[in-house]
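Text of the file model-v5.txt, holding compact mmCIF, C-alpha atoms:
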```txt
# COMPACT_ATOMS: atom_id res chain seq x y z
CA MET A 1 16.26 -42.47 -75.47
CA ASP A 2 12.74 -42.58 -76.83
CA PHE A 3 9.56 -41.73 -75.04
CA SER A 4 8.36 -45.18 -73.99
CA ASP A 5 11.82 -46.03 -72.74
CA ALA A 6 11.81 -43.06 -70.38
CA PHE A 7 8.22 -43.25 -69.16
CA LEU A 8 7.14 -46.89 -69.58
CA ASN A 9 10.35 -48.86 -69.26
CA ALA A 10 9.33 -52.49 -68.64
CA THR A 11 12.48 -53.45 -66.71
CA VAL A 12 12.24 -50.46 -64.41
CA LEU A 13 8.49 -50.92 -63.95
CA GLN A 14 8.97 -54.57 -63.04
CA LYS A 15 11.75 -53.81 -60.58
CA TYR A 16 9.93 -51.07 -58.69
CA ALA A 17 6.32 -52.24 -58.95
CA PRO A 18 6.49 -54.06 -55.57
CA SER A 19 7.71 -50.97 -53.68
CA ILE A 20 5.04 -48.82 -55.31
CA LEU A 21 2.46 -51.44 -54.45
CA SER A 22 3.56 -51.28 -50.82
CA GLY A 23 3.05 -47.49 -51.12
CA VAL A 24 -0.47 -48.15 -52.42
CA TRP A 25 -1.34 -49.98 -49.19
CA VAL A 26 0.04 -47.13 -47.07
CA THR A 27 -1.94 -44.54 -49.04
CA LEU A 28 -5.03 -46.74 -48.95
CA TYR A 29 -5.10 -47.47 -45.23
CA LEU A 30 -4.16 -43.91 -44.25
CA SER A 31 -6.94 -42.58 -46.51
CA ALA A 32 -9.46 -45.01 -45.04
CA ILE A 33 -8.77 -44.17 -41.40
CA ILE A 34 -8.58 -40.42 -42.14
CA VAL A 35 -12.00 -40.47 -43.82
CA VAL A 36 -13.61 -42.46 -41.01
CA ALA A 37 -12.03 -40.51 -38.15
CA GLY A 38 -12.36 -37.09 -39.82
CA THR A 39 -16.02 -37.55 -40.74
CA ALA A 40 -16.88 -38.94 -37.31
CA LEU A 41 -15.14 -36.08 -35.51
CA GLY A 42 -16.82 -33.54 -37.80
CA LEU A 43 -20.23 -35.06 -37.12
CA ILE A 44 -19.64 -35.04 -33.36
CA LEU A 45 -18.56 -31.39 -33.47
CA ALA A 46 -21.61 -30.42 -35.52
CA CYS A 47 -23.90 -32.20 -33.02
CA ILE A 48 -22.22 -30.43 -30.11
CA ARG A 49 -22.66 -27.14 -31.96
CA ALA A 50 -26.37 -27.88 -32.32
CA CYS A 51 -26.67 -27.85 -28.52
CA GLY A 52 -26.10 -24.11 -28.64
CA TRP A 53 -23.60 -23.52 -25.81
CA LYS A 54 -22.11 -20.16 -26.77
CA ALA A 55 -18.56 -20.59 -25.41
CA VAL A 56 -18.22 -24.12 -26.82
CA ASN A 57 -19.55 -23.03 -30.20
CA PHE A 58 -17.06 -20.19 -30.32
CA VAL A 59 -14.20 -22.67 -29.85
CA ILE A 60 -15.61 -24.99 -32.55
CA ILE A 61 -16.01 -22.13 -35.03
CA VAL A 62 -12.49 -20.83 -34.43
CA TYR A 63 -11.10 -24.37 -34.80
CA ALA A 64 -12.97 -24.97 -38.05
CA ASP A 65 -11.97 -21.59 -39.45
CA ILE A 66 -8.28 -21.96 -38.68
CA LEU A 67 -8.01 -25.47 -40.10
CA ARG A 68 -9.86 -24.42 -43.23
CA ALA A 69 -7.66 -21.37 -43.76
CA LEU A 70 -4.24 -23.00 -43.31
CA PRO A 71 -2.45 -24.97 -46.03
CA PRO A 72 -2.18 -28.66 -45.00
CA LEU A 73 1.55 -28.64 -45.75
CA VAL A 74 2.12 -25.86 -43.21
CA LEU A 75 0.29 -27.79 -40.49
CA ILE A 76 2.19 -30.96 -41.32
CA LEU A 77 5.55 -29.16 -41.11
CA ILE A 78 4.64 -27.49 -37.81
CA ALA A 79 3.53 -30.78 -36.27
CA TYR A 80 6.37 -32.90 -37.62
CA PHE A 81 9.25 -30.55 -36.90
CA GLY A 82 7.81 -28.68 -33.92
CA LEU A 83 6.40 -31.41 -31.70
CA PRO A 84 9.68 -33.28 -31.03
CA GLY A 85 11.00 -30.06 -29.49
CA VAL A 86 8.34 -30.29 -26.79
CA GLY A 87 8.91 -33.98 -26.16
CA VAL A 88 6.18 -35.38 -28.44
CA LEU A 89 7.76 -37.96 -30.72
CA TRP A 90 5.20 -39.06 -33.28
CA SER A 91 6.01 -41.13 -36.35
CA SER A 92 5.50 -39.39 -39.69
CA ASN A 93 2.49 -41.65 -40.38
CA LEU A 94 0.86 -40.59 -37.11
CA VAL A 95 1.54 -36.89 -37.78
CA LEU A 96 -0.01 -37.16 -41.24
CA PHE A 97 -3.03 -39.08 -39.91
CA ILE A 98 -3.71 -36.62 -37.10
CA VAL A 99 -3.22 -33.45 -39.16
CA LEU A 100 -5.38 -34.60 -42.09
CA THR A 101 -8.05 -35.98 -39.75
CA LEU A 102 -8.26 -32.63 -37.98
CA ILE A 103 -8.51 -30.82 -41.34
CA LEU A 104 -11.22 -33.12 -42.69
CA ALA A 105 -13.08 -32.80 -39.37
CA ALA A 106 -13.08 -29.00 -39.71
CA PHE A 107 -14.58 -29.15 -43.21
CA ALA A 108 -16.98 -31.96 -42.28
CA GLU A 109 -18.21 -29.99 -39.26
CA GLU A 110 -19.05 -27.02 -41.50
CA ILE A 111 -20.79 -29.26 -44.04
CA PHE A 112 -22.85 -31.11 -41.39
CA TRP A 113 -23.66 -27.84 -39.66
CA ALA A 114 -24.87 -26.32 -42.95
CA GLY A 115 -27.00 -29.46 -43.35
CA ILE A 116 -28.43 -29.18 -39.84
CA THR A 117 -29.32 -25.49 -40.24
CA SER A 118 -30.90 -26.17 -43.62
CA VAL A 119 -33.57 -28.33 -41.97
CA GLY A 120 -36.55 -26.08 -41.36
CA LYS A 121 -37.51 -24.90 -37.88
CA GLY A 122 -40.92 -26.49 -38.31
CA GLN A 123 -39.29 -29.92 -38.32
CA TRP A 124 -37.78 -29.26 -34.88
CA GLU A 125 -41.04 -27.90 -33.50
CA ALA A 126 -43.14 -30.70 -34.93
CA SER A 127 -40.94 -33.48 -33.61
CA ARG A 128 -40.46 -31.84 -30.21
CA SER A 129 -44.23 -31.47 -29.88
CA THR A 130 -44.76 -35.16 -30.60
CA GLY A 131 -42.74 -35.79 -27.44
CA LEU A 132 -39.30 -36.51 -28.88
CA GLY A 133 -36.40 -35.12 -26.84
CA PHE A 134 -33.71 -32.80 -28.18
CA ALA A 135 -31.26 -35.62 -28.92
CA GLN A 136 -33.97 -37.80 -30.43
CA THR A 137 -35.07 -34.97 -32.72
CA LEU A 138 -31.49 -34.33 -33.76
CA PHE A 139 -30.69 -37.97 -34.50
CA TRP A 140 -33.97 -39.24 -35.94
CA VAL A 141 -35.37 -36.19 -37.71
CA VAL A 142 -32.80 -33.51 -38.42
CA LEU A 143 -29.57 -35.40 -39.10
CA PRO A 144 -31.00 -37.87 -41.65
CA GLN A 145 -32.13 -34.92 -43.76
CA GLY A 146 -29.09 -32.74 -43.08
CA VAL A 147 -26.52 -35.46 -43.76
CA ARG A 148 -28.18 -36.34 -47.05
CA MET A 149 -27.84 -32.72 -48.11
CA GLY A 150 -24.15 -32.69 -47.19
CA LEU A 151 -23.23 -35.95 -48.90
CA PRO A 152 -21.97 -34.55 -52.24
CA PRO A 153 -19.77 -31.78 -50.77
CA LEU A 154 -18.53 -34.18 -48.10
CA THR A 155 -17.47 -36.74 -50.70
CA ASN A 156 -15.61 -34.08 -52.67
CA ARG A 157 -13.91 -32.80 -49.56
CA ALA A 158 -12.96 -36.28 -48.39
CA ILE A 159 -11.34 -36.93 -51.78
CA ALA A 160 -9.45 -33.62 -51.63
CA VAL A 161 -8.15 -34.32 -48.12
CA THR A 162 -7.19 -37.95 -48.72
CA LYS A 163 -5.32 -36.92 -51.87
CA MET A 164 -3.26 -34.79 -49.51
CA THR A 165 -1.77 -37.99 -48.07
CA ALA A 166 0.77 -37.46 -50.89
CA LEU A 167 2.11 -34.59 -48.76
CA GLY A 168 3.29 -37.28 -46.34
CA SER A 169 6.14 -38.00 -48.74
CA VAL A 170 7.65 -34.66 -47.64
CA ILE A 171 8.04 -35.94 -44.06
CA GLY A 172 8.96 -39.49 -45.05
CA VAL A 173 5.67 -41.39 -45.02
CA PRO A 174 6.34 -44.38 -47.33
CA ASP A 175 3.28 -43.70 -49.51
CA ILE A 176 2.93 -44.08 -53.30
CA LEU A 177 4.60 -40.77 -54.14
CA ASN A 178 7.49 -41.33 -51.76
CA GLN A 179 8.18 -44.79 -53.16
CA ALA A 180 7.97 -43.44 -56.70
CA THR A 181 10.35 -40.51 -56.19
CA THR A 182 12.84 -42.81 -54.44
CA ALA A 183 12.59 -45.32 -57.29
CA GLN A 184 12.90 -42.55 -59.85
CA SER A 185 16.12 -41.23 -58.36
CA PHE A 186 17.60 -44.74 -58.04
CA SER A 187 16.70 -45.80 -61.56
CA GLY A 188 17.27 -42.48 -63.29
CA ASN A 189 14.05 -43.15 -65.16
CA ALA A 190 10.60 -41.56 -65.07
CA SER A 191 8.64 -44.83 -65.26
CA PRO A 192 8.04 -45.08 -61.48
CA LEU A 193 6.39 -41.64 -61.63
CA THR A 194 4.13 -42.82 -64.45
CA LEU A 195 3.20 -45.87 -62.42
CA ALA A 196 2.52 -43.72 -59.34
CA ALA A 197 0.30 -41.34 -61.30
CA LEU A 198 -1.65 -44.29 -62.70
CA ALA A 199 -1.95 -45.81 -59.21
CA TYR A 200 -3.43 -42.58 -57.84
CA VAL A 201 -5.89 -42.30 -60.70
CA ALA A 202 -6.89 -45.95 -60.23
CA LEU A 203 -7.45 -45.33 -56.52
CA PHE A 204 -9.31 -42.04 -56.69
CA LEU A 205 -11.14 -42.08 -60.03
CA PRO A 206 -13.93 -44.37 -58.71
CA PHE A 207 -14.57 -41.90 -55.90
CA VAL A 208 -14.49 -38.90 -58.23
CA LEU A 209 -17.10 -40.66 -60.37
CA LEU A 210 -19.10 -41.53 -57.24
CA ALA A 211 -19.04 -37.85 -56.25
CA ARG A 212 -20.29 -36.89 -59.70
CA TRP A 213 -23.13 -39.39 -59.40
CA LEU A 214 -24.03 -38.19 -55.89
CA GLU A 215 -24.13 -34.60 -57.12
CA THR A 216 -26.77 -35.37 -59.71
CA ARG A 217 -28.64 -37.66 -57.31
CA PHE A 218 -28.76 -35.44 -54.24
CA ALA A 219 -28.36 -32.06 -55.92
CA TRP A 220 -29.14 -29.03 -53.78
CA LYS A 221 -32.41 -27.67 -54.99
CA ARG A 222 -31.71 -24.24 -56.41
CA THR A 223 -34.53 -21.76 -56.46
CA MET B 1 4.19 -24.47 -21.34
CA GLU B 2 7.48 -22.57 -21.41
CA GLN B 3 8.81 -25.21 -23.79
CA ILE B 4 5.82 -24.85 -26.11
CA ALA B 5 6.24 -21.07 -26.22
CA GLN B 6 9.95 -21.51 -26.98
CA GLN B 7 9.38 -24.07 -29.71
CA PHE B 8 6.36 -22.60 -31.51
CA PHE B 9 6.08 -18.93 -30.53
CA ASN B 10 9.65 -17.75 -30.13
CA LEU B 11 9.34 -14.02 -30.83
CA ASP B 12 13.06 -13.42 -31.39
CA ILE B 13 13.24 -16.14 -34.04
CA MET B 14 10.01 -14.89 -35.62
CA LYS B 15 11.39 -11.37 -35.77
CA ALA B 16 14.64 -12.58 -37.33
CA SER B 17 12.88 -14.69 -39.96
CA PHE B 18 10.22 -12.10 -40.80
CA PRO B 19 12.16 -10.38 -43.65
CA MET B 20 12.80 -13.78 -45.30
CA LEU B 21 9.14 -14.67 -45.07
CA MET B 22 8.13 -11.38 -46.65
CA GLU B 23 10.50 -12.08 -49.55
CA GLY B 24 8.75 -15.43 -49.92
CA LEU B 25 5.32 -13.83 -49.65
CA LYS B 26 6.10 -11.79 -52.78
CA ILE B 27 6.64 -15.02 -54.72
CA THR B 28 3.48 -16.47 -53.19
CA PHE B 29 1.53 -13.43 -54.41
CA LEU B 30 3.14 -13.65 -57.83
CA LEU B 31 2.17 -17.34 -58.02
CA VAL B 32 -1.42 -16.55 -57.06
CA LEU B 33 -1.55 -13.79 -59.67
CA VAL B 34 -0.41 -16.22 -62.36
CA VAL B 35 -2.15 -19.38 -61.26
CA VAL B 36 -5.64 -18.09 -60.44
CA PRO B 37 -6.34 -16.34 -63.77
CA LEU B 38 -4.87 -19.31 -65.67
CA GLY B 39 -7.10 -21.71 -63.74
CA LEU B 40 -10.17 -19.53 -64.22
CA MET B 41 -9.58 -19.45 -67.96
CA GLY B 42 -8.73 -23.14 -68.26
CA GLY B 43 -11.77 -23.99 -66.18
CA LEU B 44 -14.00 -21.96 -68.45
CA VAL B 45 -12.72 -23.86 -71.48
CA ALA B 46 -13.23 -27.20 -69.68
CA ALA B 47 -16.76 -26.25 -68.61
CA ILE B 48 -17.85 -25.05 -72.05
CA ALA B 49 -16.31 -28.15 -73.66
CA SER B 50 -18.10 -30.49 -71.23
CA GLY B 51 -21.40 -28.87 -72.21
CA ALA B 52 -20.75 -29.25 -75.94
CA LYS B 53 -23.27 -30.98 -78.18
CA SER B 54 -20.72 -33.22 -79.87
CA ARG B 55 -19.62 -36.18 -77.75
CA TRP B 56 -16.18 -35.96 -79.39
CA ILE B 57 -15.68 -32.73 -77.46
CA ARG B 58 -17.76 -33.56 -74.38
CA TRP B 59 -16.18 -36.89 -73.45
CA PRO B 60 -12.53 -35.79 -73.63
CA ALA B 61 -13.49 -32.77 -71.51
CA TYR B 62 -15.02 -35.04 -68.84
CA ALA B 63 -12.01 -37.36 -69.02
CA PHE B 64 -9.66 -34.39 -68.54
CA VAL B 65 -11.61 -33.09 -65.55
CA ASP B 66 -11.97 -36.48 -63.84
CA PHE B 67 -8.35 -37.47 -64.48
CA PHE B 68 -6.94 -34.34 -62.91
CA ARG B 69 -9.42 -34.43 -60.04
CA SER B 70 -8.18 -37.95 -59.21
CA MET B 71 -4.55 -36.89 -59.18
CA PRO B 72 -3.08 -35.33 -56.03
CA PRO B 73 -1.70 -31.88 -56.89
CA LEU B 74 1.71 -32.74 -55.44
CA VAL B 75 1.97 -35.86 -57.61
CA LEU B 76 1.13 -33.79 -60.65
CA LEU B 77 3.67 -31.15 -59.68
CA ILE B 78 6.44 -33.70 -59.21
CA ALA B 79 5.50 -35.48 -62.42
CA VAL B 80 5.82 -32.17 -64.28
CA TYR B 81 8.95 -31.03 -62.47
CA ALA B 82 10.88 -34.32 -62.25
CA GLY B 83 9.22 -36.31 -65.03
CA LEU B 84 9.13 -33.92 -68.01
CA PRO B 85 12.93 -33.51 -68.15
CA PHE B 86 13.00 -37.15 -69.29
CA ALA B 87 11.02 -36.04 -72.33
CA GLY B 88 13.55 -33.28 -72.92
CA ILE B 89 11.36 -30.56 -71.43
CA ARG B 90 13.13 -28.87 -68.55
CA LEU B 91 10.98 -26.32 -66.75
CA ASP B 92 12.17 -24.03 -63.99
CA PRO B 93 10.25 -24.43 -60.70
CA PHE B 94 7.94 -21.48 -61.34
CA ALA B 95 6.93 -22.71 -64.80
CA ALA B 96 6.47 -26.26 -63.46
CA VAL B 97 4.16 -25.01 -60.71
CA ALA B 98 2.24 -22.86 -63.20
CA LEU B 99 1.74 -25.78 -65.60
CA ALA B 100 0.81 -28.34 -62.92
CA PHE B 101 -1.63 -25.93 -61.29
CA LEU B 102 -3.11 -24.94 -64.64
CA LEU B 103 -4.06 -28.59 -65.21
CA ASN B 104 -5.28 -29.18 -61.65
CA ASN B 105 -7.15 -25.90 -61.22
CA SER B 106 -8.77 -26.02 -64.65
CA ALA B 107 -10.39 -29.31 -63.63
CA TYR B 108 -11.68 -27.88 -60.32
CA TYR B 109 -12.78 -24.48 -61.64
CA GLY B 110 -14.29 -26.31 -64.62
CA GLU B 111 -16.57 -28.33 -62.33
CA VAL B 112 -17.66 -25.16 -60.54
CA TYR B 113 -18.49 -23.34 -63.79
CA ARG B 114 -20.28 -26.40 -65.15
CA ALA B 115 -22.58 -26.53 -62.12
CA GLY B 116 -23.28 -22.83 -62.64
CA ILE B 117 -24.01 -23.21 -66.34
CA GLU B 118 -26.30 -26.18 -65.77
CA ALA B 119 -28.30 -24.16 -63.26
CA VAL B 120 -29.18 -21.55 -65.92
CA SER B 121 -32.47 -22.65 -67.42
CA PRO B 122 -32.40 -23.75 -71.09
CA GLY B 123 -35.13 -21.21 -71.81
CA GLN B 124 -32.53 -18.48 -71.43
CA THR B 125 -30.43 -19.93 -74.23
CA GLU B 126 -33.45 -20.53 -76.44
CA ALA B 127 -34.70 -16.98 -75.94
CA ALA B 128 -31.27 -15.48 -76.60
CA ARG B 129 -30.77 -17.58 -79.71
CA SER B 130 -34.20 -16.65 -81.07
CA THR B 131 -33.41 -12.94 -80.72
CA GLY B 132 -30.58 -13.56 -83.19
CA LEU B 133 -27.57 -13.88 -80.89
CA SER B 134 -25.05 -16.45 -82.04
CA ALA B 135 -24.12 -19.40 -79.81
CA PRO B 136 -20.87 -17.80 -78.56
CA GLN B 137 -22.67 -14.51 -77.93
CA THR B 138 -25.39 -16.32 -76.00
CA MET B 139 -22.75 -18.04 -73.87
CA ALA B 140 -20.79 -14.84 -73.24
CA TYR B 141 -23.60 -12.34 -72.67
CA VAL B 142 -26.51 -14.40 -71.36
CA VAL B 143 -25.49 -17.74 -69.84
CA LEU B 144 -22.08 -17.03 -68.28
CA PRO B 145 -23.00 -13.88 -66.33
CA GLN B 146 -25.84 -15.77 -64.65
CA ALA B 147 -23.75 -18.94 -64.23
CA VAL B 148 -20.94 -17.08 -62.50
CA ARG B 149 -23.39 -15.37 -60.17
CA ASN B 150 -24.91 -18.76 -59.32
CA VAL B 151 -21.61 -20.22 -58.21
CA LEU B 152 -19.72 -17.18 -56.94
CA PRO B 153 -19.32 -18.64 -53.41
CA ASP B 154 -17.87 -21.86 -54.87
CA LEU B 155 -15.48 -19.91 -57.09
CA VAL B 156 -14.28 -17.96 -54.06
CA SER B 157 -13.86 -21.07 -51.92
CA ASN B 158 -11.96 -22.82 -54.72
CA THR B 159 -9.68 -19.80 -54.97
CA VAL B 160 -8.93 -20.13 -51.26
CA GLU B 161 -7.89 -23.73 -51.96
CA VAL B 162 -5.65 -22.55 -54.80
CA VAL B 163 -3.93 -19.99 -52.57
CA LYS B 164 -3.35 -22.71 -49.97
CA LEU B 165 -2.00 -25.05 -52.65
CA THR B 166 0.72 -22.59 -53.68
CA SER B 167 2.53 -23.81 -50.54
CA LEU B 168 3.30 -27.04 -52.46
CA ALA B 169 5.70 -25.03 -54.62
CA SER B 170 8.13 -25.20 -51.69
CA VAL B 171 8.58 -28.93 -52.43
CA VAL B 172 10.15 -28.16 -55.82
CA SER B 173 12.31 -25.51 -54.09
CA LEU B 174 10.52 -22.46 -55.39
CA SER B 175 11.32 -19.86 -52.75
CA GLU B 176 7.78 -18.89 -51.78
CA MET B 177 6.76 -18.25 -48.19
CA VAL B 178 6.63 -21.83 -46.88
CA TYR B 179 10.00 -22.60 -48.48
CA GLN B 180 11.53 -19.59 -46.75
CA ALA B 181 9.88 -20.51 -43.46
CA ASP B 182 11.14 -24.09 -43.69
CA MET B 183 14.64 -22.80 -44.46
CA ALA B 184 14.52 -20.65 -41.34
CA ARG B 185 13.18 -23.65 -39.42
CA SER B 186 16.06 -25.88 -40.48
CA VAL B 187 18.63 -23.24 -39.53
CA THR B 188 17.12 -22.45 -36.11
CA TYR B 189 15.83 -25.95 -35.23
CA ASN B 190 12.67 -24.17 -34.18
CA ALA B 191 9.12 -24.31 -35.57
CA SER B 192 8.36 -20.62 -34.94
CA PRO B 193 9.08 -19.44 -38.53
CA ILE B 194 6.49 -21.89 -39.88
CA VAL B 195 4.01 -20.81 -37.21
CA LEU B 196 4.63 -17.25 -38.40
CA ALA B 197 3.93 -18.32 -41.99
CA ALA B 198 0.72 -19.94 -40.74
CA GLY B 199 -0.12 -16.60 -39.13
CA VAL B 200 0.32 -14.81 -42.46
CA TYR B 201 -1.99 -17.32 -44.19
CA LEU B 202 -4.55 -16.80 -41.43
CA VAL B 203 -4.46 -13.03 -41.82
CA LEU B 204 -4.95 -13.39 -45.58
CA LEU B 205 -7.50 -16.19 -45.69
CA TRP B 206 -9.49 -16.17 -42.46
CA PRO B 207 -11.72 -13.24 -43.53
CA VAL B 208 -12.52 -15.06 -46.76
CA VAL B 209 -13.24 -18.36 -44.99
CA ARG B 210 -15.58 -16.52 -42.60
CA LEU B 211 -17.32 -14.85 -45.52
CA ILE B 212 -17.87 -18.21 -47.23
CA SER B 213 -19.39 -19.72 -44.09
CA ARG B 214 -21.76 -16.78 -43.62
CA HIS B 215 -22.82 -16.87 -47.23
CA GLY B 216 -23.41 -20.63 -47.09
CA ARG B 217 -25.75 -20.15 -44.16
CA LYS B 218 -27.66 -17.44 -45.97
CA ILE B 219 -28.34 -19.78 -48.87
CA ALA B 220 -29.38 -22.54 -46.49
CA SER B 221 -31.90 -20.52 -44.50
```
As a first step, turn the structure in this file into structure tokens.
Amino acid sequence: MDFSDAFLNATVLQKYAPSILSGVWVTLYLSAIIVVAGTALGLILACIRACGWKAVNFVIIVYADILRALPPLVLILIAYFGLPGVGVLWSSNLVLFIVLTLILAAFAEEIFWAGITSVGKGQWEASRSTGLGFAQTLFWVVLPQGVRMGLPPLTNRAIAVTKMTALGSVIGVPDILNQATTAQSFSGNASPLTLAALAYVALFLPFVLLARWLETRFAWKRT
Amino acid sequence: MEQIAQQFFNLDIMKASFPMLMEGLKITFLLVLVVVPLGLMGGLVAAIASGAKSRWIRWPAYAFVDFFRSMPPLVLLIAVYAGLPFAGIRLDPFAAVALAFLLNNSAYYGEVYRAGIEAVSPGQTEAARSTGLSAPQTMAYVVLPQAVRNVLPDLVSNTVEVVKLTSLASVVSLSEMVYQADMARSVTYNASPIVLAAGVYLVLLWPVVRLISRHGRKIAS
């Protein structure tokens, strides 16, 4: 068996392309809702943290720390295999969505918070003294500057977390990787894996390049 | 409440699975000891290559970095573990993890180093070269020490990610900590062993995560 026959077998590719394509949609829509929900939740948490309630902030910090320190796979396994035992029956897609959203939210909260604290105190004082309220200052003065600062790391983090949707294949989410490994074991041929790898690169490369562009565009000013 | 305690924090099950997890933790440590230095070295090569003058070196380096940053680590691992045998290369799980992570981590560490190198002003290189240091000497003695100091927090936070990623080795049945915990889980029908594994990761990584956050704030203020 020569190389192209094992890795780029036209018959096998043709047969399993539709199932891998269906995996592409699963990966795509899960990624999209994880990015939206995770970023939104992170932003909300960072705004709440800006209010400065000590007890609430403590909870937010502990949450963000724990979700940043734990491997995503561990959280997925705990949620998927543990929750049914307490009567919570979530589908594997829902488990993956919730776990990855919570992880992205933890990282996003830290990134937005770093952005908020990087805006100088003078900005707060100036806008408060012009008569803007706390919320108005936060939304119209501080966040626009802070978010801009956080855009490159946030993009990188969002890519890293959405790539983790591949972990869903471990708990049976019918994503690209899952479809490819199934096809590979049925066909006894590595071509579905090649196709899956190419599909992931096609999906994520534009965002990796976007992140690179953002980094040069909004680079942190180093002193 | 009782049910949650039984299902996630069952102390008897945790105690029984603890020795297994510690066996797994040894493999996890061994993986980290192999994978982190390999990634740091591969990353250095990628970073130096992507700063090369010749585009024949620079462009392949960028292509390498962007390709492996677009590929989920688990996909890469499975491609290496389940795909390479079709090319006649059969790796045991440990070697497969080491190879897949070398490719993935080199791309990530490479980006970190590159940012550090770019932040060193060109005047440093020019000055070093004009004192008679060769290009490799300039890189090794003048540019890199400053570059690494520039991006030390990013190197540390990437290393945290690498340690977390070693958990993926369980998918190719390498008996590291998560694999052992999941074994115990499937025997006991109880999530407590995995919660215990999570606890071990927390003990190991939480201090580092805290440190990174503190340091980030110091830079920001």
Need to verify the contact set: stretch 168-177 of chain A, 7 Å, all atoms listed in the file, exclusion of same-chain residues closer than 5 positions in sequence. Can you return it as a CSV table (one decimal) with C-alpha atoms, in the frame of the given file?
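Okay, this is what ended up in part.csv:
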```csv
chain,number,residue,atom,x,y,z
A,20,ILE,CA,5.0,-48.8,-55.3
A,23,GLY,CA,3.0,-47.5,-51.1
A,24,VAL,CA,-0.5,-48.2,-52.4
A,26,VAL,CA,0.0,-47.1,-47.1
A,27,THR,CA,-1.9,-44.5,-49.0
A,92,SER,CA,5.5,-39.4,-39.7
A,93,ASN,CA,2.5,-41.6,-40.4
A,96,LEU,CA,0.0,-37.2,-41.2
A,196,ALA,CA,2.5,-43.7,-59.3
B,75,VAL,CA,2.0,-35.9,-57.6
```
Polymer residues at most 10 Å from A:Phe3, all atoms listed in the file, same-chain spacing of 5 or more positions, as a compact mmCIF listing (two decimals) with C-alpha atoms, in the coordinates of the input:
```
# COMPACT_ATOMS: atom_id res chain seq x y z
CA LEU A 8 7.14 -46.89 -69.58
CA ASN A 9 10.35 -48.86 -69.26
CA PHE B 86 13.00 -37.15 -69.29
CA ALA B 87 11.02 -36.04 -72.33
CA GLY B 88 13.55 -33.28 -72.92
```
#### Entry: chain A contacts to chain B at 7 Å (all atoms listed in the file) as a PyMOL selection string
chain A and resi 3+6+65-66+69-71+73-74+78+81-82+85-86+114+117-118+163-164+166-167+177+190+193+197+200-201+204-205+208
### Message
Using Å and a single decimal, report how far atom CA of B:Leu102 sits from atom CA of B:Gly39.
### Response
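Distance reported for this atom pair: 5.2 Å.
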### Query
For the atom pair atom CA of A:Phe139 and atom CA of A:Glu125, what is the interatomic distance in Å to one decimal place?
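Computing it gives 14.5 Å between the two atoms.
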I want to know what sits within 8 Å of B:Leu21, based on only C-alpha atoms, with residues of the same chain fewer than 2 positions away left out; could you give that as a PDB file with C-alpha atoms, keeping the file's coordinate frame?
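Listed below is the output, out.pdb:
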```pdb
ATOM      1  CA  SER B  17      12.880 -14.690 -39.960  1.00  0.00           C
ATOM      2  CA  PHE B  18      10.220 -12.100 -40.800  1.00  0.00           C
ATOM      3  CA  PRO B  19      12.160 -10.380 -43.650  1.00  0.00           C
ATOM      4  CA  GLU B  23      10.500 -12.080 -49.550  1.00  0.00           C
ATOM      5  CA  GLY B  24       8.750 -15.430 -49.920  1.00  0.00           C
ATOM      6  CA  LEU B  25       5.320 -13.830 -49.650  1.00  0.00           C
ATOM      7  CA  MET B 177       6.760 -18.250 -48.190  1.00  0.00           C
ATOM      8  CA  VAL B 178       6.630 -21.830 -46.880  1.00  0.00           C
ATOM      9  CA  GLN B 180      11.530 -19.590 -46.750  1.00  0.00           C
ATOM     10  CA  ALA B 181       9.880 -20.510 -43.460  1.00  0.00           C
ATOM     11  CA  ALA B 197       3.930 -18.320 -41.990  1.00  0.00           C
TER      12      ALA B 197
END
```
### Query
Between A:Ile103, A:Ile116, A:Ala199, A:Ile48, which is the closest to A:Thr162 once you count only C-alpha atoms?
A:Ile103
### Message
Env of A:Phe107: 8 Å cut, atoms = all atoms listed in the file, seq-sep filter 3 positions within chain, self excluded. Answer as an MDAnalysis selection string.
### Response
chainID A and resid 42 64 68 103:104 110:111 157
Same residues, C-alpha atoms, saved as a PDB file, in the coordinates of the input:
```
ATOM      1  CA  GLY A  42     -16.820 -33.540 -37.800  1.00  0.00           C
ATOM      2  CA  ALA A  64     -12.970 -24.970 -38.050  1.00  0.00           C
ATOM      3  CA  ARG A  68      -9.860 -24.420 -43.230  1.00  0.00           C
ATOM      4  CA  ILE A 103      -8.510 -30.820 -41.340  1.00  0.00           C
ATOM      5  CA  LEU A 104     -11.220 -33.120 -42.690  1.00  0.00           C
ATOM      6  CA  GLU A 110     -19.050 -27.020 -41.500  1.00  0.00           C
ATOM      7  CA  ILE A 111     -20.790 -29.260 -44.040  1.00  0.00           C
ATOM      8  CA  ARG A 157     -13.910 -32.800 -49.560  1.00  0.00           C
TER       9      ARG A 157
END
```
